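Undergrad: To be precise about what I am sending: the file is called data-v5.cif and holds mmCIF, C-alpha atoms.
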data_protein
#
loop_
_atom_site.label_atom_id
_atom_site.label_comp_id
_atom_site.auth_asym_id
_atom_site.auth_seq_id
_atom_site.Cartn_x
_atom_site.Cartn_y
_atom_site.Cartn_z
CA MET F 5 -186.15 59.38 -4.97
CA ALA F 6 -184.53 56.03 -5.42
CA LEU F 7 -181.14 57.45 -6.32
CA PRO F 8 -178.53 57.11 -3.59
CA ARG F 9 -177.83 60.36 -1.83
CA ASN F 10 -174.32 60.83 -3.21
CA LEU F 11 -175.74 60.83 -6.75
CA GLN F 12 -178.58 63.15 -5.86
CA ASP F 13 -176.58 66.13 -4.77
CA THR F 14 -173.35 65.74 -6.67
CA PHE F 15 -172.08 64.40 -9.99
CA SER F 16 -170.34 61.09 -10.29
CA LEU F 17 -166.99 61.27 -12.05
CA GLN F 18 -168.46 59.26 -14.91
CA GLU F 19 -171.02 62.02 -15.41
CA VAL F 20 -168.32 64.68 -15.32
CA GLN F 21 -166.36 62.70 -17.88
CA PHE F 22 -169.44 62.59 -20.09
CA LEU F 23 -169.73 66.39 -19.92
CA VAL F 24 -166.06 66.86 -20.67
CA GLU F 25 -166.17 64.53 -23.67
CA ASN F 26 -168.50 66.98 -25.38
CA GLU F 27 -165.79 69.65 -25.54
CA PRO F 28 -164.10 70.35 -28.86
CA ILE F 29 -160.52 69.26 -29.44
CA LYS F 30 -158.09 69.61 -32.32
CA ILE F 31 -157.27 66.54 -34.37
CA MET F 32 -155.19 65.64 -37.40
CA PRO F 33 -157.35 63.33 -39.48
CA ARG F 34 -155.74 60.54 -41.47
CA ILE F 35 -158.76 60.15 -43.67
CA THR F 36 -160.53 62.45 -46.08
CA THR F 37 -164.24 62.86 -45.83
CA LYS F 38 -164.56 66.04 -47.82
CA PRO F 39 -166.59 65.47 -50.96
CA ILE F 40 -164.45 65.86 -54.05
CA ARG F 41 -165.72 68.17 -56.72
CA ARG F 42 -167.26 66.54 -59.75
CA LYS F 43 -164.44 67.51 -62.05
CA ALA F 44 -161.84 65.90 -59.86
CA ALA F 45 -164.06 62.94 -59.12
CA SER F 46 -164.37 62.08 -62.78
CA THR F 47 -160.64 61.53 -63.01
CA PRO F 48 -159.83 59.81 -59.71
CA SER F 49 -156.16 59.74 -58.95
CA ALA F 50 -154.89 56.36 -57.86
CA GLY F 51 -153.45 57.46 -54.50
CA SER F 52 -156.41 59.27 -52.87
CA SER F 53 -159.20 57.10 -54.18
CA VAL F 54 -160.22 55.93 -50.71
CA ARG F 55 -162.84 58.30 -49.29
CA TRP F 56 -164.86 57.99 -46.15
CA LYS F 57 -168.27 59.19 -45.27
CA LEU F 58 -169.25 59.38 -41.63
CA ILE F 59 -172.89 59.24 -40.68
CA THR F 60 -173.62 62.28 -38.57
CA THR F 61 -176.28 64.89 -37.97
CA ASP F 62 -173.80 67.74 -37.72
CA ASP F 63 -172.10 67.58 -41.08
CA HIS F 64 -169.84 70.52 -41.00
CA ASN F 65 -166.52 69.48 -39.50
CA VAL F 66 -166.95 65.76 -39.54
CA ASN F 67 -167.62 65.35 -43.20
CA ASN F 68 -165.19 68.05 -44.29
CA MET F 69 -162.04 66.47 -43.00
CA VAL F 70 -159.01 66.46 -45.24
CA ALA F 71 -156.19 64.12 -44.35
CA MET F 72 -153.39 65.86 -42.44
CA SER F 73 -155.04 69.24 -42.11
CA SER F 74 -156.20 69.97 -38.61
CA THR F 75 -159.84 70.36 -37.63
CA GLU F 76 -161.89 70.47 -34.44
CA VAL F 77 -164.32 67.77 -33.34
CA SER F 78 -165.78 66.85 -29.98
CA LEU F 79 -163.55 64.82 -27.71
CA TRP F 80 -165.62 61.65 -27.73
CA LEU F 81 -165.52 61.47 -31.51
CA ALA F 82 -161.82 62.23 -31.53
CA LEU F 83 -161.23 59.35 -29.14
CA LEU F 84 -163.31 57.01 -31.30
CA LEU F 85 -161.47 57.98 -34.47
CA LYS F 86 -158.18 57.68 -32.64
CA GLN F 87 -159.08 54.18 -31.52
CA GLN F 88 -159.68 53.18 -35.14
CA GLY F 89 -156.45 54.79 -36.30
CA LYS F 90 -158.22 57.43 -38.34
CA CYS F 91 -156.75 60.48 -36.69
CA SER F 92 -154.16 61.70 -34.27
CA ILE F 93 -155.10 64.09 -31.49
CA VAL F 94 -153.30 67.40 -31.07
CA ALA F 95 -152.54 67.67 -27.38
CA PRO F 96 -153.79 70.91 -25.81
CA ALA F 97 -151.24 73.63 -25.36
CA TRP F 98 -151.23 73.46 -21.55
CA LEU F 99 -150.48 69.74 -21.55
CA THR F 100 -146.74 70.02 -22.07
CA ILE F 101 -143.92 69.58 -19.59
CA LYS F 102 -142.99 73.24 -19.82
CA GLN F 103 -146.48 74.52 -19.19
CA LEU F 104 -147.16 72.05 -16.40
CA ASP F 105 -143.90 73.02 -14.75
CA SER F 106 -144.93 76.66 -14.70
CA PHE F 107 -148.32 75.66 -13.27
CA ILE F 108 -146.68 73.63 -10.52
CA GLU F 109 -144.37 76.54 -9.81
CA PHE F 110 -147.38 78.82 -9.46
CA GLU F 111 -149.16 76.39 -7.15
CA LEU F 112 -146.17 76.15 -4.86
CA GLN F 113 -145.54 79.87 -4.70
CA ASN F 114 -149.11 81.01 -4.11
CA THR F 115 -150.56 79.38 -1.03
CA SER F 116 -153.96 80.98 -1.34
CA ARG F 117 -154.56 80.97 -5.09
CA PHE F 118 -154.92 78.29 -7.73
CA ALA F 119 -153.28 78.21 -11.14
CA ASN F 120 -155.53 79.04 -14.04
CA LEU F 121 -155.97 75.56 -15.52
CA PRO F 122 -158.90 74.66 -17.76
CA TRP F 123 -162.00 73.56 -15.90
CA ASN F 124 -161.58 70.00 -17.09
CA TRP F 125 -157.81 69.56 -16.90
CA LEU F 126 -157.76 66.44 -14.77
CA ILE F 127 -160.27 64.53 -16.88
CA ILE F 128 -158.76 65.58 -20.22
CA ALA F 129 -155.29 64.64 -19.06
CA HIS F 130 -156.43 61.22 -17.86
CA LEU F 131 -158.38 60.45 -21.02
CA LEU F 132 -155.59 61.51 -23.36
CA PHE F 133 -152.92 59.64 -21.39
CA GLN F 134 -155.04 56.55 -21.59
CA LYS F 135 -156.19 56.60 -25.18
CA ALA F 136 -153.84 58.83 -27.10
CA ALA F 137 -150.53 58.32 -25.36
CA ASP F 138 -148.57 58.19 -28.63
CA ASP F 139 -149.71 61.65 -29.73
CA PHE F 140 -147.69 63.57 -27.14
CA ARG F 141 -144.37 65.11 -27.97
CA ASP F 142 -143.21 64.80 -24.39
CA PRO F 143 -142.83 61.39 -22.72
CA VAL F 144 -146.17 60.46 -21.19
CA HIS F 145 -144.82 59.04 -17.94
CA ILE F 146 -143.26 62.41 -17.10
CA LEU F 147 -146.48 64.26 -17.98
CA ARG F 148 -148.41 61.83 -15.84
CA ALA F 149 -146.09 62.47 -12.90
CA LYS F 150 -146.43 66.23 -13.37
CA ILE F 151 -150.22 65.99 -13.42
CA GLN F 152 -150.06 63.94 -10.23
CA ASP F 153 -147.80 66.56 -8.60
CA LEU F 154 -150.15 69.30 -9.65
CA ARG F 155 -153.13 67.43 -8.27
CA GLU F 156 -151.49 66.81 -4.94
CA ALA F 157 -150.35 70.39 -4.56
CA ARG F 158 -153.90 71.54 -5.20
CA LEU F 159 -155.47 68.95 -2.90
CA GLY F 160 -153.26 70.21 -0.09
CA LYS F 161 -154.36 73.77 -0.71
CA ILE F 162 -158.02 72.79 -0.88
CA ALA F 163 -157.70 71.12 2.51
CA LYS F 164 -156.16 74.34 3.84
CA GLY F 165 -158.87 76.44 2.23
CA LEU F 166 -161.57 74.44 3.99
CA GLN F 167 -160.45 75.96 7.31
CA HIS F 168 -162.18 79.13 6.25
CA LEU F 169 -165.57 77.52 5.74
CA ASN F 170 -168.43 79.56 7.10
CA GLU F 171 -172.18 79.38 6.93
CA SER F 172 -172.70 81.59 3.91
CA HIS F 173 -169.80 81.91 1.55
CA LEU F 174 -167.03 79.88 -0.05
CA GLN F 175 -164.90 81.07 -2.93
CA LEU F 176 -162.19 78.97 -4.51
CA ASP F 177 -161.33 80.33 -7.96
CA ASN F 178 -159.88 78.22 -10.77
CA LEU F 179 -160.84 74.87 -9.30
CA SER F 180 -161.86 72.30 -11.86
CA LEU F 181 -165.24 70.61 -11.88
CA SER F 182 -163.88 67.28 -10.71
CA GLU F 183 -162.07 68.89 -7.79
CA ILE F 184 -165.15 70.81 -6.73
CA ASN F 185 -167.13 67.63 -7.07
CA GLU F 186 -164.79 65.80 -4.76
CA MET F 187 -165.03 68.34 -1.95
CA ARG F 188 -168.70 69.14 -2.43
CA PRO F 189 -170.27 66.58 -0.06
CA PHE F 190 -167.97 67.68 2.73
CA ALA F 191 -168.18 71.43 2.18
CA VAL F 192 -171.93 71.43 1.71
CA GLY F 193 -172.47 69.22 4.78
CA VAL F 194 -170.41 71.46 7.03
CA MET F 195 -171.92 74.67 5.66
CA ASP F 196 -175.44 73.33 6.17
CA LYS F 197 -174.64 72.52 9.78
CA LEU F 198 -173.04 75.89 10.39
CA ARG F 199 -176.05 77.61 8.89
CA ASP F 200 -178.35 75.66 11.19
CA ILE F 201 -176.36 76.65 14.25
CA HIS F 202 -176.05 80.24 13.13
CA ALA F 203 -179.78 80.55 12.49
CA ALA F 204 -180.57 78.95 15.84
CA ALA F 205 -178.84 81.69 17.80
CA ALA F 206 -179.70 84.55 15.49
CA ASP F 207 -183.44 84.41 15.40
CA ARG F 208 -185.59 82.00 17.25
CA GLU F 209 -188.76 82.50 15.24
CA GLN F 210 -186.94 82.18 11.97
CA TYR F 211 -185.39 78.97 13.18
CA ALA F 212 -188.73 77.54 14.18
CA ASN F 213 -190.05 78.33 10.70
CA ASN F 214 -187.11 76.66 9.06
CA ILE F 215 -187.54 73.33 10.83
CA MET M 133 -183.40 67.91 8.97
CA GLY M 134 -186.43 66.21 7.70
CA TYR M 135 -189.62 64.53 8.71
CA TYR M 136 -188.18 61.08 8.13
CA ASP M 137 -184.72 61.79 9.52
CA LEU M 138 -184.16 59.11 12.15
CA ASP M 139 -181.36 61.01 13.85
CA ASP M 140 -183.61 64.01 14.15
CA ILE M 141 -186.31 61.94 15.82
CA LEU M 142 -183.82 60.30 18.16
CA ALA M 143 -182.34 63.66 19.08
CA ASP M 144 -185.78 65.04 19.80
CA SER M 145 -186.62 62.16 22.12
CA SER M 146 -183.49 62.34 24.29
CA LYS M 147 -184.39 63.22 27.86
CA PHE M 148 -183.68 66.35 29.79
CA ALA M 149 -184.20 66.90 33.51
CA CYS M 150 -187.01 69.32 34.26
CA ARG M 151 -188.77 70.65 37.33
CA PHE M 152 -192.52 71.09 37.47
CA ASN M 153 -193.77 74.50 38.54
CA TYR M 154 -197.33 73.34 39.23
CA GLU M 155 -199.05 70.40 40.81
CA LEU M 156 -200.75 68.64 37.94
CA PRO M 157 -203.39 65.96 38.57
CA GLY M 158 -203.13 62.63 36.80
CA LEU M 159 -199.58 63.05 35.52
CA GLY M 160 -197.98 61.00 38.31
CA TYR M 161 -197.10 58.20 35.88
CA LEU M 162 -194.30 60.43 34.59
CA GLU M 163 -192.44 59.89 37.83
CA GLY M 164 -193.59 56.34 38.43
CA ASN M 165 -196.73 56.56 40.60
CA PRO M 166 -199.66 56.30 38.22
CA GLY M 167 -203.02 57.76 39.22
CA LYS M 168 -201.45 60.32 41.56
CA PRO M 169 -200.81 63.96 40.72
CA VAL M 170 -197.30 65.07 39.85
CA GLY M 171 -196.12 67.32 42.62
CA LYS M 172 -194.94 70.89 42.44
CA HIS M 173 -191.12 71.12 42.32
CA SER M 174 -190.76 67.43 41.51
CA LYS M 175 -187.90 66.56 39.16
CA VAL M 176 -188.82 64.55 36.07
CA GLU M 177 -186.90 63.58 32.97
CA LEU M 178 -188.87 64.57 29.90
CA PRO M 179 -188.07 64.07 26.20
CA LEU M 180 -186.95 67.29 24.55
CA TRP M 181 -189.92 67.59 22.18
CA LEU M 182 -192.32 67.54 25.14
CA ALA M 183 -190.24 69.57 27.54
CA SER M 184 -189.52 72.36 25.07
CA VAL M 185 -193.26 72.91 24.59
CA LEU M 186 -194.06 72.74 28.30
CA ALA M 187 -191.21 75.10 29.08
CA THR M 188 -192.50 77.77 26.72
CA VAL M 189 -196.24 77.56 27.44
CA THR M 190 -197.24 79.32 30.64
CA GLY M 191 -199.84 78.17 33.15
CA GLU M 192 -202.21 80.25 35.22
CA GLN M 193 -200.95 83.11 37.33
CA GLU M 194 -200.86 82.13 40.99
CA HIS M 195 -200.69 85.70 42.25
CA VAL M 196 -201.78 88.75 40.34
CA ASP M 197 -198.51 90.62 40.73
CA GLU M 198 -196.30 87.68 39.68
CA GLU M 199 -195.41 86.70 36.17
CA ALA M 200 -197.03 83.46 35.03
CA LEU M 201 -194.58 80.55 35.18
CA PRO M 202 -194.23 77.96 32.44
CA PHE M 203 -195.39 74.44 33.32
CA VAL M 204 -191.85 73.08 33.62
CA GLU M 205 -188.41 74.55 33.93
CA PHE M 206 -185.25 73.06 32.46
CA LEU M 207 -182.54 72.13 34.93
CA PRO M 208 -179.03 72.84 33.62
CA PRO M 209 -178.10 69.67 31.71
CA GLU M 210 -174.84 67.83 32.16
CA MET M 211 -173.97 67.98 28.45
CA PHE M 212 -173.67 71.79 28.45
CA SER M 213 -172.05 72.06 31.86
CA ALA M 214 -168.91 74.08 32.44
CA ARG M 215 -166.87 70.87 32.50
CA VAL M 216 -167.89 69.94 28.97
CA VAL M 217 -167.56 73.49 27.66
CA ASN M 218 -164.04 73.71 29.04
CA ALA M 219 -163.12 70.39 27.46
CA ILE M 220 -164.38 71.65 24.09
CA LYS M 221 -162.46 74.88 24.41
CA ALA M 222 -159.30 73.03 25.40
CA ASP M 223 -159.15 70.54 22.55
CA ALA M 224 -162.23 70.02 20.42
CA PRO M 225 -160.80 67.64 17.81
CA THR M 226 -159.85 64.89 20.26
CA LEU M 227 -162.90 65.16 22.49
CA ASP M 228 -165.05 62.01 22.70
CA VAL M 229 -168.33 63.66 21.78
CA HIS M 230 -170.15 60.38 21.33
CA SER M 231 -169.70 59.54 25.00
CA ILE M 232 -171.33 62.84 25.98
CA ASN M 233 -174.24 62.44 23.60
CA GLY M 234 -174.62 60.82 20.19
CA HIS M 235 -176.61 63.80 18.94
CA PHE M 236 -174.59 66.53 20.52
CA TYR M 237 -174.84 69.07 17.68
CA ALA M 238 -178.55 68.53 17.08
CA LEU M 239 -179.29 69.01 20.78
CA GLY M 240 -176.90 71.92 21.06
CA THR M 241 -178.63 73.65 18.17
CA ARG M 242 -182.04 73.15 19.73
CA TRP M 243 -180.77 74.31 23.11
CA ALA M 244 -179.23 77.43 21.61
CA ALA M 245 -182.52 78.16 19.83
CA LEU M 246 -184.60 77.64 22.97
CA PHE M 247 -182.58 80.05 25.05
CA SER M 248 -181.31 82.26 22.20
CA ASP M 249 -177.86 81.36 23.46
CA ALA M 250 -175.43 83.01 21.04
CA GLY M 251 -172.44 81.97 23.14
CA LEU M 252 -173.28 78.31 22.90
CA ALA M 253 -173.96 78.60 19.19
CA GLY M 254 -170.64 80.31 18.57
CA MET M 255 -168.83 77.60 20.47
CA LEU M 256 -170.67 74.88 18.54
CA ALA M 257 -169.84 76.49 15.20
CA GLY M 258 -166.13 76.60 16.00
CA MET M 259 -166.26 73.04 17.24
CA VAL M 260 -168.08 71.76 14.14
CA LEU M 261 -165.47 73.26 11.85
CA GLU M 262 -162.45 72.12 13.83
CA ARG M 263 -163.69 68.56 14.15
CA ALA M 264 -164.97 68.37 10.57
CA LEU M 265 -161.49 69.18 9.26
CA GLU M 266 -160.15 66.28 11.28
CA VAL M 267 -162.89 64.05 9.86
CA GLN M 268 -161.99 65.17 6.34
CA ARG M 269 -158.31 64.39 6.88
CA HIS M 270 -159.18 60.84 7.84
CA ALA M 271 -161.78 60.44 5.10
CA ALA M 272 -159.44 61.64 2.35
CA SER M 273 -156.48 59.53 3.43
CA ALA M 274 -158.28 56.19 3.65
CA ALA M 275 -156.92 53.64 1.15
CA VAL M 276 -159.17 52.57 -1.72
CA GLU M 277 -158.78 48.82 -1.32
CA ALA M 278 -159.13 48.85 2.46
CA THR M 279 -162.22 47.00 3.64
CA ALA M 280 -162.02 48.35 7.16
CA PRO M 281 -160.71 51.69 8.41
CA THR M 282 -157.25 51.83 9.97
CA ASP M 283 -156.93 51.69 13.75
CA ALA M 284 -156.50 55.43 14.12
CA THR M 285 -159.52 56.16 11.95
CA ALA M 286 -161.63 53.55 13.72
CA ARG M 287 -160.75 55.12 17.07
CA MET M 288 -161.68 58.51 15.74
CA LEU M 289 -164.98 57.22 14.35
CA GLN M 290 -165.93 56.00 17.81
CA THR M 291 -165.71 59.50 19.20
CA LEU M 292 -167.88 61.12 16.53
CA ASP M 293 -171.32 62.59 16.77
CA GLU M 294 -173.93 60.93 14.49
CA TRP M 295 -173.87 63.88 12.10
CA GLU M 296 -170.08 63.71 11.90
CA ARG M 297 -170.31 60.01 11.08
CA GLN M 298 -172.54 60.74 8.14
CA LEU M 299 -170.20 63.48 7.05
CA TYR M 300 -167.30 61.01 7.20
CA ARG M 301 -169.24 58.48 5.15
CA ARG M 302 -170.01 61.00 2.44
CA ALA M 303 -166.58 62.60 2.34
CA HIS M 304 -164.97 59.17 2.23
CA ALA M 305 -167.22 58.01 -0.61
CA ALA M 306 -166.36 61.12 -2.61
CA SER M 307 -162.62 60.74 -2.27
CA ARG M 308 -162.83 56.99 -2.90
CA ASP M 309 -164.80 57.58 -6.10
CA ALA M 310 -162.17 60.03 -7.30
CA LYS M 311 -159.38 57.53 -6.62
CA LEU M 312 -161.24 54.67 -8.25
CA TRP M 313 -161.94 56.74 -11.34
CA ALA M 314 -158.29 57.72 -11.70
CA ALA M 315 -157.15 54.10 -11.34
CA ARG M 316 -159.69 52.40 -13.55
CA ARG M 317 -158.80 50.36 -16.66
#
Turn the structure described in the file into structure tokens.
TA:
Amino acid sequence: MALPRNLQDTFSLQEVQFLVENEPIKIMPRITTKPIRRKAASTPSAGSSVRWKLITTDDHNVNNMVAMSSTEVSLWLALLLKQQGKCSIVAPAWLTIKQLDSFIEFELQNTSRFANLPWNWLIIAHLLFQKAADDFRDPVHILRAKIQDLREARLGKIAKGLQHLNESHLQLDNLSLSEINEMRPFAVGVMDKLRDIHAAAADREQYANNI
Amino acid sequence: MGYYDLDDILADSSKFACRFNYELPGLGYLEGNPGKPVGKHSKVELPLWLASVLATVTGEQEHVDEEALPFVEFLPPEMFSARVVNAIKADAPTLDVHSINGHFYALGTRWAALFSDAGLAGMLAGMVLERALEVQRHAASAAVEATAPTDATARMLQTLDEWERQLYRRAHAASRDAKLWAARR
């Protein structure tokens, strides 16, 4: 294959971001796309006369938005609407200073376990900080610092966890996809080598077959 | 390991000292006198791929009551001598493996397989892990904008086995990608 090796056996972060952007997220639309019933439409009120229609294959949520009542759409659409000023994004419940503090607390107290964050926390946090910074109740620079703290605490623990690599088994619960992705080339490389060595001593014939 | 893996081919062609158990006509060119037979008990350096076959295939029995000897016998190589093993046991992470052999792990694995040497394999496994963690520390801490590794990392890279170098390259690329992604736009 012509793909470089690092793209063959692991995701790039851009690919992970693409996957994450397909997840649903809550938004507060500022536009109405819900079709008005005929009776109401015949006597249009002056204030809400502007209606939008979005072209989409999946009609349900997207074309049933009512201004200022929350709905769920996929993240990429939410970011697009946000960019055009047509909605505000409701930040996920775990992305608050209070919640992040309790996560950091957990990370620092448990040296061998990881806090139960969503599988895409790092990517979501980065995307929302970048494109929807004004939708947070808490100041974004503090949230950003907390996310960074959390990330570093976890990176340290991952490095410690790698000491227990062996040829057959590795379990690290509650790691997010991007974190797994980052350690994958290393962990897989070492485990492959260990497996080679292990097989070499264990069974000569089996080893010869494997080559 | 693969058919086209250059490091694999290079590892396979590194030479090991062997002793011939038979006098074989016409093989004198191996020890530098072409046209002559290679003598019994003469010491010759053979590439591993050749020697490992010759050391497992047996020749004719000389006497009926004796077991048939293989064509060649490996002499204990320097790279798995007690001196090296002790150095590994003492402090694996700082050992200059590249000066011993650039394909230390590949050869060690083959050697362990040839002689079913569980002790050697166990030692190698511990060594791989210990040194790989050191490699990972360096790979993860390298700065994104840096065009060349820092002095300490460069010194460490010089002491690595070829496999460890590849591991460093891949681990470094992964952590650099993560940092670049977080810093973009």
Undergrad: Could you write out as a ChimeraX atom specification the residues that the PyMOL selection byres ((chain F) within 9 of (chain M)) matches in the shown file?
TA: /F:9-10,16-18,127,130,134,163,166-170,182-183,185-191,193-194,197-209,211-212,215
Undergrad: Got a sec: who's within 10 Å of M:Pro209, counting all atoms listed in the file, leaving out chain neighbours fewer than 5 positions off, as a PyMOL selection string?
TA: chain M and resi 147-150
Undergrad: What does the structure give for the distance between atom CA of F:Asn65 and atom CA of F:Lys38, in Å to one decimal?
TA: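 We find that atom CA of F:Asn65 and atom CA of F:Lys38 lie 9.2 Å from each other.
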Undergrad: Could you state the separation of atom CA of M:Ile141 and atom CA of M:Lys221 in Å, given to one decimal place?
TA: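 The value is 28.5 Å.
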Undergrad: May I ask for the distance between atom CA of F:Val77 and atom CA of F:Asn26, given in Å to one decimal place?
TA: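 Going from atom CA of F:Val77 over to atom CA of F:Asn26, I get 9.0 Å.
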